[in-house]
file run36.cif (mmCIF, C-alpha atoms and all ligand atoms)
data_run
#
loop_
_atom_site.label_atom_id
_atom_site.label_comp_id
_atom_site.auth_asym_id
_atom_site.auth_seq_id
_atom_site.Cartn_x
_atom_site.Cartn_y
_atom_site.Cartn_z
CA CYS A 1 0.00 0.00 0.00
CA ASP A 2 1.29 3.45 -0.86
CA ILE A 3 1.62 6.57 1.24
CA HIS A 4 0.95 9.66 -0.80
CA GLY A 5 2.98 12.54 0.57
CA GLY A 6 3.01 16.02 -0.99
CA PHE A 7 4.98 14.98 -4.07
CA VAL A 8 6.23 11.49 -3.40
CA THR A 9 4.61 8.10 -3.12
CA PHE A 10 6.12 5.53 -0.78
CA ASP A 11 5.50 1.81 -0.80
CA VAL A 12 5.15 0.90 2.88
CA SER A 13 5.99 -2.76 2.31
CA ARG A 14 9.34 -1.72 0.83
CA LEU A 15 10.07 0.71 3.65
CA VAL A 16 9.45 -1.95 6.27
CA ASP A 17 10.35 -5.42 4.96
CA LEU A 18 9.74 -7.50 8.07
CA GLU A 19 9.91 -10.84 6.30
CA ASN A 20 13.57 -10.12 5.83
CA GLY A 21 14.07 -7.99 8.95
CA LEU A 22 15.06 -4.90 6.96
CA ILE A 23 14.01 -1.28 7.38
CA ASP A 24 14.58 1.58 4.98
CA ARG A 25 16.52 4.34 6.73
CA ARG A 26 14.42 7.03 5.06
CA ILE A 27 11.69 6.47 7.67
CA PHE A 28 14.01 8.14 10.20
CA SER A 29 14.57 11.37 8.31
CA ASP A 30 12.13 11.90 5.48
CA ALA A 31 9.78 14.87 5.90
CA GLU A 32 6.97 13.36 3.80
CA ILE A 33 7.00 10.17 5.84
CA TYR A 34 7.04 12.22 9.03
CA ASP A 35 3.96 14.17 7.90
CA ALA A 36 2.19 10.92 7.09
CA GLU A 37 3.05 9.56 10.56
CA MET A 38 1.50 12.60 12.22
CA ASP A 39 -1.71 12.07 10.26
CA ARG A 40 -1.98 8.29 10.17
CA ILE A 41 -0.51 7.26 13.53
CA PHE A 42 -0.65 10.22 15.90
CA ARG A 43 -4.18 11.27 14.92
CA ARG A 44 -5.52 7.71 15.00
CA THR A 45 -4.26 5.98 18.11
CA TRP A 46 -4.20 6.58 21.87
CA LEU A 47 -1.33 8.77 23.08
CA ALA A 48 0.08 8.92 26.62
CA LEU A 49 0.11 12.44 28.04
CA GLY A 50 1.11 12.26 31.69
CA HIS A 51 0.05 11.27 35.19
CA GLU A 52 -3.13 12.22 37.03
CA SER A 53 -1.17 13.49 40.02
CA GLU A 54 0.18 16.30 37.80
CA ILE A 55 -3.30 17.82 37.87
CA ALA A 56 -4.54 16.78 41.29
CA GLU A 57 -6.72 19.85 41.95
CA THR A 58 -9.60 21.36 39.98
CA ASN A 59 -8.29 23.85 37.38
CA ASP A 60 -4.77 22.34 37.48
CA PHE A 61 -3.35 22.01 33.98
CA PHE A 62 -0.22 21.12 32.08
CA THR A 63 0.72 21.64 28.44
CA THR A 64 2.15 18.95 26.21
CA TRP A 65 1.87 17.45 22.71
CA MET A 66 -0.23 14.93 20.86
CA GLY A 67 2.01 14.21 17.91
CA ALA A 68 2.66 17.61 16.35
CA ASP A 69 -0.39 19.14 18.04
CA PRO A 70 0.16 21.29 21.16
CA VAL A 71 -2.45 20.54 23.83
CA ILE A 72 -3.61 21.68 27.26
CA VAL A 73 -4.53 18.92 29.74
CA SER A 74 -6.86 20.37 32.33
CA ARG A 75 -8.73 19.00 35.37
CA THR A 76 -12.22 20.46 35.40
CA ALA A 77 -15.20 19.82 37.63
CA GLN A 78 -16.41 17.48 34.85
CA GLY A 79 -13.17 15.49 34.71
CA ILE A 80 -10.01 15.67 32.61
CA LYS A 81 -10.22 17.61 29.34
CA VAL A 82 -7.60 17.71 26.61
CA MET A 83 -7.75 20.67 24.21
CA LEU A 84 -5.76 21.96 21.29
CA ASN A 85 -3.60 24.79 22.60
CA MET A 86 -4.62 27.07 19.77
CA CYS A 87 -6.89 30.07 19.98
CA ARG A 88 -9.91 29.64 17.73
CA HIS A 89 -9.67 33.29 16.65
CA ARG A 90 -6.43 33.50 14.64
CA GLY A 91 -4.47 30.62 16.11
CA GLY A 92 -2.53 32.24 18.94
CA THR A 93 -0.99 29.93 21.53
CA VAL A 94 -3.41 30.25 24.39
CA CYS A 95 -1.30 28.80 27.19
CA ARG A 96 2.46 29.36 27.15
CA VAL A 97 3.61 27.77 30.40
CA ASP A 98 4.31 24.15 31.32
CA ARG A 99 1.84 23.85 34.18
CA GLY A 100 -0.24 25.70 36.74
CA ASN A 101 -3.73 26.34 38.07
CA ALA A 102 -5.92 28.71 36.08
CA LYS A 103 -9.55 29.77 36.14
CA LEU A 104 -9.16 31.24 32.65
CA PHE A 105 -6.84 30.79 29.68
CA LEU A 106 -6.27 34.22 28.10
CA CYS A 107 -4.99 34.40 24.53
CA PRO A 108 -2.44 37.21 24.58
CA TYR A 109 -3.07 38.29 20.98
CA HIS A 110 -6.59 39.84 21.06
CA GLY A 111 -7.74 38.65 24.47
CA TRP A 112 -10.21 35.86 23.76
CA SER A 113 -10.43 33.92 27.04
CA TYR A 114 -11.39 30.32 27.65
CA ASN A 115 -12.69 28.44 30.67
CA PRO A 116 -10.63 25.46 31.98
CA ASP A 117 -12.97 23.18 30.00
CA GLY A 118 -12.16 25.07 26.77
CA THR A 119 -15.46 26.88 26.35
CA LEU A 120 -15.07 30.46 25.16
CA LYS A 121 -15.88 32.83 28.01
CA VAL A 122 -14.77 36.32 26.96
CA VAL A 123 -14.59 37.89 23.49
CA PRO A 124 -13.43 41.51 23.81
CA GLY A 125 -15.77 43.69 21.76
CA LEU A 126 -18.45 41.02 21.36
CA GLU A 127 -21.13 43.69 21.57
CA ALA A 128 -19.43 46.86 20.34
CA ASP A 129 -17.26 45.42 17.56
CA TYR A 130 -18.68 42.07 16.54
CA ARG A 131 -22.16 43.43 17.26
CA HIS A 132 -23.01 39.89 18.36
CA GLY A 133 -22.18 38.62 14.88
CA ILE A 134 -20.57 35.43 16.22
CA ASP A 135 -21.84 32.73 18.52
CA PRO A 136 -19.22 32.18 21.27
CA THR A 137 -20.58 28.70 21.98
CA GLN A 138 -19.22 27.63 18.57
CA TRP A 139 -15.71 28.93 19.14
CA GLY A 140 -14.37 27.00 22.13
CA LEU A 141 -10.98 25.27 22.07
CA LEU A 142 -10.98 22.09 20.01
CA GLU A 143 -11.37 19.18 22.41
CA ALA A 144 -9.84 15.71 21.99
CA PRO A 145 -12.91 13.48 21.67
CA ARG A 146 -11.47 10.62 23.72
CA VAL A 147 -9.69 10.94 27.07
CA ALA A 148 -9.17 8.05 29.49
CA THR A 149 -6.90 7.02 32.33
CA TYR A 150 -5.29 3.72 33.19
CA LYS A 151 -4.24 3.40 36.85
CA GLY A 152 -3.05 7.00 37.03
CA LEU A 153 -1.75 7.45 33.47
CA ILE A 154 -3.61 9.91 31.23
CA PHE A 155 -4.18 9.08 27.57
CA ALA A 156 -6.10 10.88 24.82
CA SER A 157 -6.92 10.38 21.17
CA TRP A 158 -8.06 12.62 18.32
CA ASN A 159 -9.93 9.63 16.89
CA PRO A 160 -13.55 9.37 18.11
CA GLU A 161 -13.65 5.77 16.83
CA VAL A 162 -10.55 4.61 18.73
CA GLU A 163 -10.94 1.35 20.68
CA PRO A 164 -11.38 1.49 24.50
CA LEU A 165 -8.05 2.30 26.21
CA GLU A 166 -7.90 -1.04 28.06
CA GLU A 167 -8.28 -2.86 24.75
CA PHE A 168 -5.52 -0.74 23.21
CA LEU A 169 -3.15 -1.54 26.09
CA GLY A 170 -4.15 -5.21 25.90
CA ASP A 171 -1.54 -7.60 27.29
CA ALA A 172 0.75 -4.72 28.17
CA ARG A 173 -1.43 -4.26 31.27
CA PHE A 174 0.03 -7.47 32.71
CA TYR A 175 3.44 -5.78 32.81
CA LEU A 176 2.30 -2.20 33.47
CA ASP A 177 0.50 -3.33 36.61
CA CYS A 178 3.86 -4.40 38.11
CA LEU A 179 4.54 -0.67 38.36
CA LEU A 180 1.13 0.97 38.53
CA ASP A 181 -0.76 -1.42 40.79
CA ARG A 182 1.69 -3.08 43.14
CA VAL A 183 0.50 -1.47 46.40
CA GLU A 184 -2.63 0.15 47.79
CA GLY A 185 -2.86 3.80 46.82
CA GLY A 186 -1.14 3.42 43.45
CA THR A 187 1.49 5.83 42.19
CA GLU A 188 2.21 9.54 42.07
CA LEU A 189 4.57 11.88 40.35
CA VAL A 190 7.59 13.10 42.28
CA GLY A 191 9.89 15.99 41.39
CA GLY A 192 7.92 17.62 38.59
CA MET A 193 8.61 17.25 34.89
CA ARG A 194 11.78 17.64 32.84
CA ARG A 195 11.75 18.27 29.12
CA TRP A 196 14.47 18.65 26.58
CA ILE A 197 15.17 18.30 22.86
CA ILE A 198 17.12 15.41 21.33
CA PRO A 199 18.34 15.70 17.74
CA THR A 200 16.83 12.35 16.79
CA ASN A 201 13.83 10.83 15.09
CA TRP A 202 11.23 9.79 17.69
CA LYS A 203 11.25 6.16 16.54
CA HIS A 204 14.89 5.63 17.50
CA ALA A 205 13.99 6.38 21.11
CA ALA A 206 10.77 4.35 21.05
CA GLU A 207 12.43 1.30 19.47
CA ASN A 208 15.32 1.42 21.93
CA PHE A 209 12.94 1.14 24.88
CA VAL A 210 10.62 -1.34 23.20
CA GLY A 211 13.21 -4.08 22.99
CA ASP A 212 16.85 -3.07 22.55
CA SER A 213 18.57 -4.77 25.46
CA TYR A 214 21.32 -5.68 23.01
CA HIS A 215 22.83 -2.19 23.17
CA ALA A 216 23.35 -2.07 26.93
CA ALA A 217 26.63 -4.00 27.10
CA ALA A 218 28.35 -1.73 24.57
CA THR A 219 26.57 1.61 25.06
CA HIS A 220 26.41 1.59 28.85
CA ALA A 221 29.61 -0.36 29.56
CA SER A 222 31.29 2.57 31.29
CA ILE A 223 28.40 3.16 33.70
CA MET A 224 28.38 -0.47 34.77
CA ARG A 225 32.00 -0.11 35.84
CA VAL A 226 31.38 2.78 38.24
CA PRO A 227 31.27 1.25 41.74
CA GLY A 228 27.99 1.72 43.60
CA LEU A 229 26.11 3.28 40.69
CA GLU A 230 24.26 0.25 39.41
CA GLY A 231 23.02 -2.73 41.43
CA ALA A 232 21.81 -6.08 40.17
CA GLY A 233 18.34 -4.54 39.76
CA GLY A 234 15.96 -7.46 40.12
CA ARG A 235 18.45 -10.12 39.09
CA VAL A 236 20.27 -11.57 42.09
CA LYS A 237 21.16 -14.90 40.51
CA ASP A 238 19.79 -17.56 38.20
CA VAL A 239 17.89 -15.16 36.00
CA VAL A 240 16.94 -15.27 32.36
CA GLY A 241 15.97 -12.25 30.29
CA TYR A 242 13.13 -12.15 27.79
CA GLN A 243 11.51 -9.79 25.35
CA ALA A 244 7.74 -9.95 24.87
CA ALA A 245 6.15 -8.56 21.70
CA LEU A 246 2.61 -7.43 22.52
CA ASP A 247 -0.55 -6.45 20.66
CA ASN A 248 -0.76 -3.06 18.91
CA GLY A 249 3.00 -2.66 18.63
CA HIS A 250 3.77 -2.52 22.36
CA GLY A 251 6.73 -4.41 23.80
CA VAL A 252 8.49 -5.11 27.09
CA GLY A 253 11.82 -6.54 28.24
CA MET A 254 12.13 -8.35 31.56
CA TRP A 255 14.16 -10.46 33.94
CA MET A 256 12.79 -13.74 35.23
CA ALA A 257 14.36 -15.30 38.34
CA SER A 258 14.41 -19.06 38.89
CA GLU A 259 11.51 -20.36 40.95
CA ASP A 260 13.26 -20.57 44.29
CA ASN A 261 14.91 -17.20 44.01
CA ALA A 262 13.19 -14.08 45.30
CA ARG A 263 13.97 -10.79 43.59
CA GLY A 264 16.30 -8.16 44.97
CA GLY A 265 19.59 -6.58 44.10
CA TYR A 266 18.73 -2.94 44.70
CA GLY A 267 21.44 -2.46 47.33
CA HIS A 268 22.55 0.75 45.60
CA LEU A 269 19.10 2.26 46.27
CA ALA A 270 19.02 2.78 50.02
CA GLY A 271 16.20 0.86 51.65
CA ILE A 272 14.54 -0.46 48.49
CA ASP A 273 15.26 -4.14 49.13
CA ASP A 274 13.71 -3.76 52.60
CA TYR A 275 10.78 -1.81 51.13
CA LEU A 276 10.08 -4.60 48.66
CA LYS A 277 10.13 -7.11 51.52
CA SER A 278 7.72 -4.94 53.51
CA ILE A 279 5.17 -4.89 50.69
CA GLN A 280 5.65 -8.54 49.72
CA ASP A 281 2.20 -9.64 50.94
CA GLN A 282 0.54 -6.84 48.98
CA LEU A 283 2.57 -7.71 45.88
CA VAL A 284 1.43 -11.32 46.05
CA ALA A 285 -2.20 -10.33 46.67
CA LYS A 286 -2.29 -7.80 43.85
CA LEU A 287 -0.03 -9.35 41.24
CA GLY A 288 0.19 -13.05 42.07
CA GLU A 289 3.25 -15.13 42.92
CA LEU A 290 5.04 -14.86 39.57
CA ARG A 291 5.02 -11.08 39.29
CA ALA A 292 5.54 -10.61 43.04
CA THR A 293 8.65 -12.75 43.34
CA ARG A 294 10.22 -13.67 40.01
CA LEU A 295 9.26 -11.38 37.15
CA THR A 296 10.77 -7.87 36.85
CA PRO A 297 9.85 -5.77 33.81
CA VAL A 298 12.83 -3.59 32.90
CA HIS A 299 11.86 -1.47 29.91
CA ALA A 300 8.83 -1.02 27.68
CA THR A 301 7.29 1.10 24.96
CA ILE A 302 3.57 1.57 24.62
CA PHE A 303 3.21 2.29 20.90
CA PRO A 304 3.80 4.78 19.52
CA ASN A 305 5.84 7.05 21.80
CA PHE A 306 5.50 6.25 25.51
CA SER A 307 8.40 4.45 27.19
CA ILE A 308 9.01 3.24 30.72
CA GLU A 309 12.16 2.36 32.62
CA PHE A 310 11.02 -0.01 35.40
CA PRO A 311 10.73 -0.62 38.26
CA PHE A 312 11.55 2.70 40.02
CA ALA A 313 10.42 4.40 37.43
CA SER A 314 11.10 6.92 34.70
CA LEU A 315 8.36 7.65 32.17
CA HIS A 316 9.50 9.12 28.88
CA ILE A 317 7.12 10.44 26.27
CA TRP A 318 8.91 11.05 22.96
CA HIS A 319 7.17 13.97 21.27
CA PRO A 320 8.00 14.24 17.58
CA ARG A 321 8.99 17.80 16.68
CA GLY A 322 10.00 17.18 13.08
CA PRO A 323 11.74 14.20 11.47
CA LEU A 324 15.07 15.08 13.07
CA LYS A 325 13.93 16.36 16.45
CA THR A 326 12.27 14.83 19.52
CA GLU A 327 11.11 16.60 22.67
CA VAL A 328 11.22 14.36 25.71
CA ARG A 329 8.74 14.70 28.56
CA ASP A 330 10.37 12.90 31.51
CA LEU A 331 8.48 12.04 34.70
CA THR A 332 9.40 10.03 37.79
CA ILE A 333 6.65 8.07 39.49
CA VAL A 334 6.76 6.36 42.86
CA ASP A 335 4.36 4.42 45.06
CA LYS A 336 2.21 6.93 46.92
CA ALA A 337 2.65 4.85 50.07
CA MET A 338 6.47 5.08 50.09
CA PRO A 339 8.17 7.04 52.87
CA ALA A 340 9.00 10.63 51.82
CA GLU A 341 12.77 10.15 52.00
CA MET A 342 12.55 7.10 49.73
CA LYS A 343 10.55 9.08 47.18
CA ASP A 344 13.20 11.77 47.22
CA MET A 345 15.97 9.21 46.85
CA LEU A 346 14.19 7.77 43.79
CA ARG A 347 13.68 11.24 42.34
CA ARG A 348 17.43 11.78 42.46
CA HIS A 349 18.12 8.26 41.20
CA CYS A 350 15.87 8.69 38.15
CA MET A 351 17.32 12.13 37.32
CA LEU A 352 20.88 10.86 37.70
CA ARG A 353 20.14 7.93 35.41
CA GLN A 354 17.44 8.98 32.93
CA GLY A 355 17.29 12.78 33.16
CA PRO A 356 18.64 15.13 30.46
CA ALA A 357 22.17 14.86 31.87
CA GLY A 358 21.57 11.30 33.07
CA THR A 359 24.29 8.68 32.96
CA TRP A 360 22.25 6.29 30.83
CA GLU A 361 20.32 8.88 28.88
CA GLN A 362 23.40 10.69 27.57
CA ASP A 363 24.83 7.47 26.13
CA ASP A 364 21.55 6.67 24.42
CA MET A 365 20.86 10.13 23.05
CA ASP A 366 24.23 10.27 21.34
CA ASN A 367 23.60 6.95 19.60
CA TRP A 368 20.09 7.94 18.49
CA SER A 369 21.40 11.19 17.00
CA GLN A 370 24.04 9.27 15.04
CA THR A 371 21.52 6.74 13.70
CA THR A 372 19.16 9.55 12.70
CA TYR A 373 21.81 11.55 10.88
CA SER A 374 23.14 8.52 9.01
CA SER A 375 19.70 8.47 7.34
CA LEU A 376 20.57 11.79 5.71
CA SER A 377 23.70 10.53 4.01
CA PRO A 378 22.79 9.87 0.36
CA THR A 379 24.91 6.73 0.28
CA ALA A 380 24.12 5.41 3.76
CA ARG A 381 20.38 5.77 3.42
CA GLY A 382 20.40 3.35 0.50
CA LEU A 383 21.51 0.62 2.89
CA MET A 384 18.67 -1.03 4.80
CA ALA A 385 18.94 -1.17 8.60
CA ASN A 386 19.23 -4.64 10.12
CA TYR A 387 16.48 -5.89 12.47
CA GLN A 388 17.13 -9.62 11.96
CA MET A 389 18.18 -10.74 15.43
CA GLY A 390 16.12 -13.68 16.66
CA MET A 391 14.10 -14.15 13.48
CA GLY A 392 12.47 -17.57 13.48
CA HIS A 393 12.95 -18.08 17.22
CA GLU A 394 9.86 -16.45 18.66
CA HIS A 395 7.66 -18.61 20.83
CA THR A 396 5.01 -18.37 23.55
CA ARG A 397 4.98 -19.35 27.21
CA ASP A 398 2.12 -20.36 29.46
CA ASP A 399 3.03 -18.01 32.30
CA ILE A 400 3.51 -14.63 30.56
CA PRO A 401 1.65 -12.96 27.68
CA GLY A 402 3.15 -12.00 24.34
CA ARG A 403 5.34 -13.51 21.67
CA ILE A 404 8.61 -14.21 23.44
CA ASP A 405 12.29 -14.32 22.56
CA ASN A 406 15.64 -13.95 24.31
CA LYS A 407 16.57 -10.70 26.01
CA SER A 408 18.79 -9.81 23.07
CA SER A 409 16.47 -9.98 20.09
CA ASP A 410 14.81 -7.65 17.60
CA ILE A 411 11.42 -9.32 18.09
CA ASN A 412 9.86 -6.25 19.75
CA GLN A 413 11.29 -3.81 17.23
CA ARG A 414 9.87 -5.89 14.36
CA ASN A 415 6.54 -5.97 16.18
CA MET A 416 6.60 -2.19 16.64
CA TYR A 417 7.38 -1.56 12.97
CA ALA A 418 4.72 -4.05 11.89
CA ARG A 419 2.17 -1.88 13.70
CA TRP A 420 3.78 1.27 12.25
CA ALA A 421 3.44 -0.15 8.73
CA GLU A 422 -0.13 -1.29 9.36
CA LEU A 423 -1.24 2.20 10.43
CA MET A 424 0.79 3.97 7.74
CA ALA A 425 -0.98 1.91 5.10
CA MET A 426 -4.42 3.08 6.31
CA ASP A 427 -6.12 6.25 5.24
CA PRO A 428 -5.78 8.97 7.87
CA PRO A 429 -8.84 9.59 10.06
CA PRO A 430 -10.95 12.53 8.82
CA PRO A 431 -10.04 15.89 10.34
CA GLN A 432 -12.19 17.18 13.17
CA VAL A 433 -13.90 20.29 11.91
CA PRO A 434 -16.32 22.14 14.18
CA ALA A 435 -19.56 23.26 12.54
CA ALA A 436 -18.56 26.92 12.64
CA CYS A 437 -15.57 26.19 10.38
CA ARG A 438 -17.59 24.57 7.58
CA SER A 439 -18.83 26.38 4.52
CA HIS A 440 -22.57 26.87 3.90
CA SER A 441 -22.68 23.67 1.83
CA GLY A 442 -21.37 21.71 4.79
CA GLU A 443 -18.14 20.93 2.94
CA ILE A 444 -14.85 21.55 4.68
CA SER A 445 -13.50 24.91 3.52
CA ARG A 446 -9.98 24.64 2.16
FE1 LIG A 501 -6.28 34.63 20.12
FE2 LIG A 501 -6.82 36.63 18.48
S1 LIG A 501 -5.51 34.94 18.14
S2 LIG A 501 -7.49 36.35 20.51
FE FE A 502 20.17 2.61 26.83
#

call {"tool": "encode", "arguments": {"input": "run36.cif", "output": "structure tokens"}}
result
Amino acid sequence: CDIHGGFVTFDVSRLVDLENGLIDRRIFSDAEIYDAEMDRIFRRTWLALGHESEIAETNDFFTTWMGADPVIVSRTAQGIKVMLNMCRHRGGTVCRVDRGNAKLFLCPYHGWSYNPDGTLKVVPGLEADYRHGIDPTQWGLLEAPRVATYKGLIFASWNPEVEPLEEFLGDARFYLDCLLDRVEGGTELVGGMRRWIIPTNWKHAAENFVGDSYHAAATHASIMRVPGLEGAGGRVKDVVGYQAALDNGHGVGMWMASEDNARGGYGHLAGIDDYLKSIQDQLVAKLGELRATRLTPVHATIFPNFSIEFPFASLHIWHPRGPLKTEVRDLTIVDKAMPAEMKDMLRRHCMLRQGPAGTWEQDDMDNWSQTTYSSLSPTARGLMANYQMGMGHEHTRDDIPGRIDNKSSDINQRNMYARWAELMAMDPPPPQVPAACRSHSGEISR
């Protein structure tokens, strides 16, 4: 099936040749393909936006992105609303800060003002200048038609026909619950939000977290050698690593301890091993024996652009800002029930490791920039990228969901790009056009 960009037609099956484990490097740099992704993927599927604790009080809000669309996420008396951060008058950016609490969003250009739910409240000159020639009820902020939460995480979609969120997450919930639902009270954000720009295509970050354990030994070798910085992290002894390719392009990597071996190995994180022991009964009650004692998810991507570093826990949302640029939204979440000093220790741990100057993050970002820019080289981009590791070896297990392979395998990356290709081959969902923006015939004005 072809993608029709502005001037160029792409054959998706040639861009992503999964039978042979080959991917055309142009998908990491081409502007036409990027535009098609924004339309066909980011306007169709669910997108992770943040955590409910970021907007705990009525009228709390934060600003973020849904694909290339800037949005405001706001807690109103009627629940969470997600709205395009674009004034309906001439397109001014209505809200220009990262977060806050506001009774009104005032567009600084001509002063149209919106309620926290996006309805238009004030139009300067409505009587004297417009002479009531417009109907303010038709000119509220454009609202995402679908908003839902899963155990504290906020998602939204521009697609009114999108499947229920739980269905979209599917088997990934089995692994997500190890983080989101391990103790009473659930999770909360600690330490605010960090954001920064990486000169990379968003897919290089998403594919790294979906299943690239292979890179760790080379990329992060120096960190592993620093005494006291990294513990065994859920793998005390007799462990095997797996990747699990999940429905809808999601994927997770994990450690599995042998049956008689409880988890542990977080000696470098003061008090965490004891904390895990103290919540052991709750873990078993909520997650069952396997996930409470033997299984430790390590990394995951929820397709398309939401990644998690388990189990004490960085959330990264990779916002595409052009084919060669990604804006990261980085959050740290902890169990609400943890002691305050442990939360603070984990805040520092996650920043040290996965923040913009983080030990692990810096190594990764440099690699992703290199792989993105190689796609611009006229000679290099003619050479397909290799995603062949583990082909023909995938299998299933009775105790964990997904299609499984060894810890070092490209199974999850192939699964992610299979979903990418599936959505890229579909027509984009129709644009949402409020009635007031249609012509008299009802056709969309262009
Ligand atoms: Fe917002 Fe004019 S663009 S009030
Ligand atoms: Fe890494």

call {"tool": "residues_around", "arguments": {"input": "run36.cif", "residues": "A:His51", "least_positions_apart": "4", "cutoff": "10 Å", "atoms": "only C-alpha atoms", "output": "number ranges by chain"}}
result
A: 55-56, 149-155, 187-189, 315, 331-333

call {"tool": "residues_near_point", "arguments": {"input": "run36.cif", "point": "(-2.1, -2.0, 38.9)", "cutoff": "9 Å", "atoms": "all atoms listed in the file", "output": "ChimeraX atom specification"}}
result
/A:150-151,173-174,176-183,186,286-287

call {"tool": "residues_near_ligand", "arguments": {"input": "run36.cif", "ligand": "ligand FE 502 (chain A)", "cutoff": "10 Å", "atoms": "only C-alpha atoms and all ligand atoms", "output": "PyMOL selection string"}}
result
chain A and resi 205+208-209+212-220+299+309+354+359-365+367-368

call {"tool": "residues_around", "arguments": {"input": "run36.cif", "residues": "stretch 421-423 of chain A", "least_positions_apart": "2", "cutoff": "12 Å", "atoms": "all atoms listed in the file", "output": "VMD selection string"}}
result
chain A and resid 1 to 3 10 to 18 23 to 24 27 33 36 to 45 248 to 249 303 to 304 414 to 419 425 to 429

call {"tool": "residues_near_point", "arguments": {"input": "run36.cif", "point": "(19.6, 1.9, 50.8)", "cutoff": "12 Å", "atoms": "only C-alpha atoms", "output": "list in words"}}
result
Gly228, Gly231, Gly265, Tyr266, Gly267, His268, Leu269, Ala270, Gly271, Ile272, Asp273, Asp274, Tyr275, Leu276, Glu341, Met342, Met345, Leu346 and His349 of chain A

call {"tool": "atom_distance", "arguments": {"input": "run36.cif", "atom1": "atom CA of A:Arg75", "atom2": "atom CA of A:Arg347"}}
result
24.7 Å

call {"tool": "axis_aligned_box", "arguments": {"input": "run36.cif", "around": "ligand LIG 501 (chain A)", "padding_each_side": "8 Å", "output": "JSON"}}
result
{"center_x": -6.5, "center_y": 35.6, "center_z": 19.3, "size_x": 18.0, "size_y": 18.0, "size_z": 18.4}

call {"tool": "atom_distance", "arguments": {"input": "run36.cif", "atom1": "atom CA of A:Pro323", "atom2": "atom CA of A:Pro145"}}
result
26.7 Å

call {"tool": "closest_atom_pairs", "arguments": {"input": "run36.cif", "of": "chain A", "to": "ligand LIG 501 (chain A)", "cutoff": "6 Å", "atoms": "all atoms listed in the file", "output": "CSV"}}
result
residue,atom,partner,partner_atom,distance
A:Cys87,CA,A:LIG501,FE1,4.6
A:His89,CA,A:LIG501,S1,4.7
A:Arg90,CA,A:LIG501,S1,3.9
A:Gly91,CA,A:LIG501,S1,4.9
A:Gly92,CA,A:LIG501,S1,4.1
A:Cys107,CA,A:LIG501,FE1,4.6
A:Tyr109,CA,A:LIG501,FE2,4.8
A:His110,CA,A:LIG501,S2,3.6
A:Gly111,CA,A:LIG501,S2,4.6
A:Trp112,CA,A:LIG501,S2,4.3

call {"tool": "write_last_selection", "arguments": {"input": "run36.cif", "atoms": "C-alpha atoms", "output": "PDB file, in the coordinates of the input"}}
result
ATOM      1  CA  CYS A  87      -6.890  30.070  19.980  1.00  0.00           C
ATOM      2  CA  HIS A  89      -9.670  33.290  16.650  1.00  0.00           C
ATOM      3  CA  ARG A  90      -6.430  33.500  14.640  1.00  0.00           C
ATOM      4  CA  GLY A  91      -4.470  30.620  16.110  1.00  0.00           C
ATOM      5  CA  GLY A  92      -2.530  32.240  18.940  1.00  0.00           C
ATOM      6  CA  CYS A 107      -4.990  34.400  24.530  1.00  0.00           C
ATOM      7  CA  TYR A 109      -3.070  38.290  20.980  1.00  0.00           C
ATOM      8  CA  HIS A 110      -6.590  39.840  21.060  1.00  0.00           C
ATOM      9  CA  GLY A 111      -7.740  38.650  24.470  1.00  0.00           C
ATOM     10  CA  TRP A 112     -10.210  35.860  23.760  1.00  0.00           C
TER      11      TRP A 112
END

call {"tool": "decode", "arguments": {"input": "run36.cif", "residues": "stretch 371-379 of chain A", "atoms": "N, CA and C atoms", "output": "PDB file, in the first residue's frame"}}
result
ATOM      1  N   THR A 371      22.298   7.596  14.601  1.00  0.00           N
ATOM      2  CA  THR A 371      21.524   6.737  13.698  1.00  0.00           C
ATOM      3  C   THR A 371      20.528   7.568  12.897  1.00  0.00           C
ATOM      4  N   THR A 372      20.053   8.667  13.462  1.00  0.00           N
ATOM      5  CA  THR A 372      19.161   9.547  12.700  1.00  0.00           C
ATOM      6  C   THR A 372      19.925  10.225  11.572  1.00  0.00           C
ATOM      7  N   TYR A 373      21.093  10.775  11.891  1.00  0.00           N
ATOM      8  CA  TYR A 373      21.810  11.554  10.876  1.00  0.00           C
ATOM      9  C   TYR A 373      22.414  10.681   9.788  1.00  0.00           C
ATOM     10  N   SER A 374      22.654   9.401  10.089  1.00  0.00           N
ATOM     11  CA  SER A 374      23.138   8.516   9.014  1.00  0.00           C
ATOM     12  C   SER A 374      22.066   8.372   7.940  1.00  0.00           C
ATOM     13  N   SER A 375      20.792   8.580   8.324  1.00  0.00           N
ATOM     14  CA  SER A 375      19.702   8.471   7.345  1.00  0.00           C
ATOM     15  C   SER A 375      19.726   9.612   6.345  1.00  0.00           C
ATOM     16  N   LEU A 376      20.493  10.652   6.627  1.00  0.00           N
ATOM     17  CA  LEU A 376      20.570  11.787   5.712  1.00  0.00           C
ATOM     18  C   LEU A 376      21.684  11.629   4.686  1.00  0.00           C
ATOM     19  N   SER A 377      22.592  10.729   4.947  1.00  0.00           N
ATOM     20  CA  SER A 377      23.698  10.532   4.009  1.00  0.00           C
ATOM     21  C   SER A 377      23.172   9.838   2.757  1.00  0.00           C
ATOM     22  N   PRO A 378      23.365  10.440   1.583  1.00  0.00           N
ATOM     23  CA  PRO A 378      22.786   9.867   0.360  1.00  0.00           C
ATOM     24  C   PRO A 378      23.228   8.429   0.119  1.00  0.00           C
ATOM     25  N   THR A 379      24.446   8.104   0.486  1.00  0.00           N
ATOM     26  CA  THR A 379      24.906   6.731   0.278  1.00  0.00           C
ATOM     27  C   THR A 379      24.402   5.816   1.383  1.00  0.00           C
TER      28      THR A 379
END
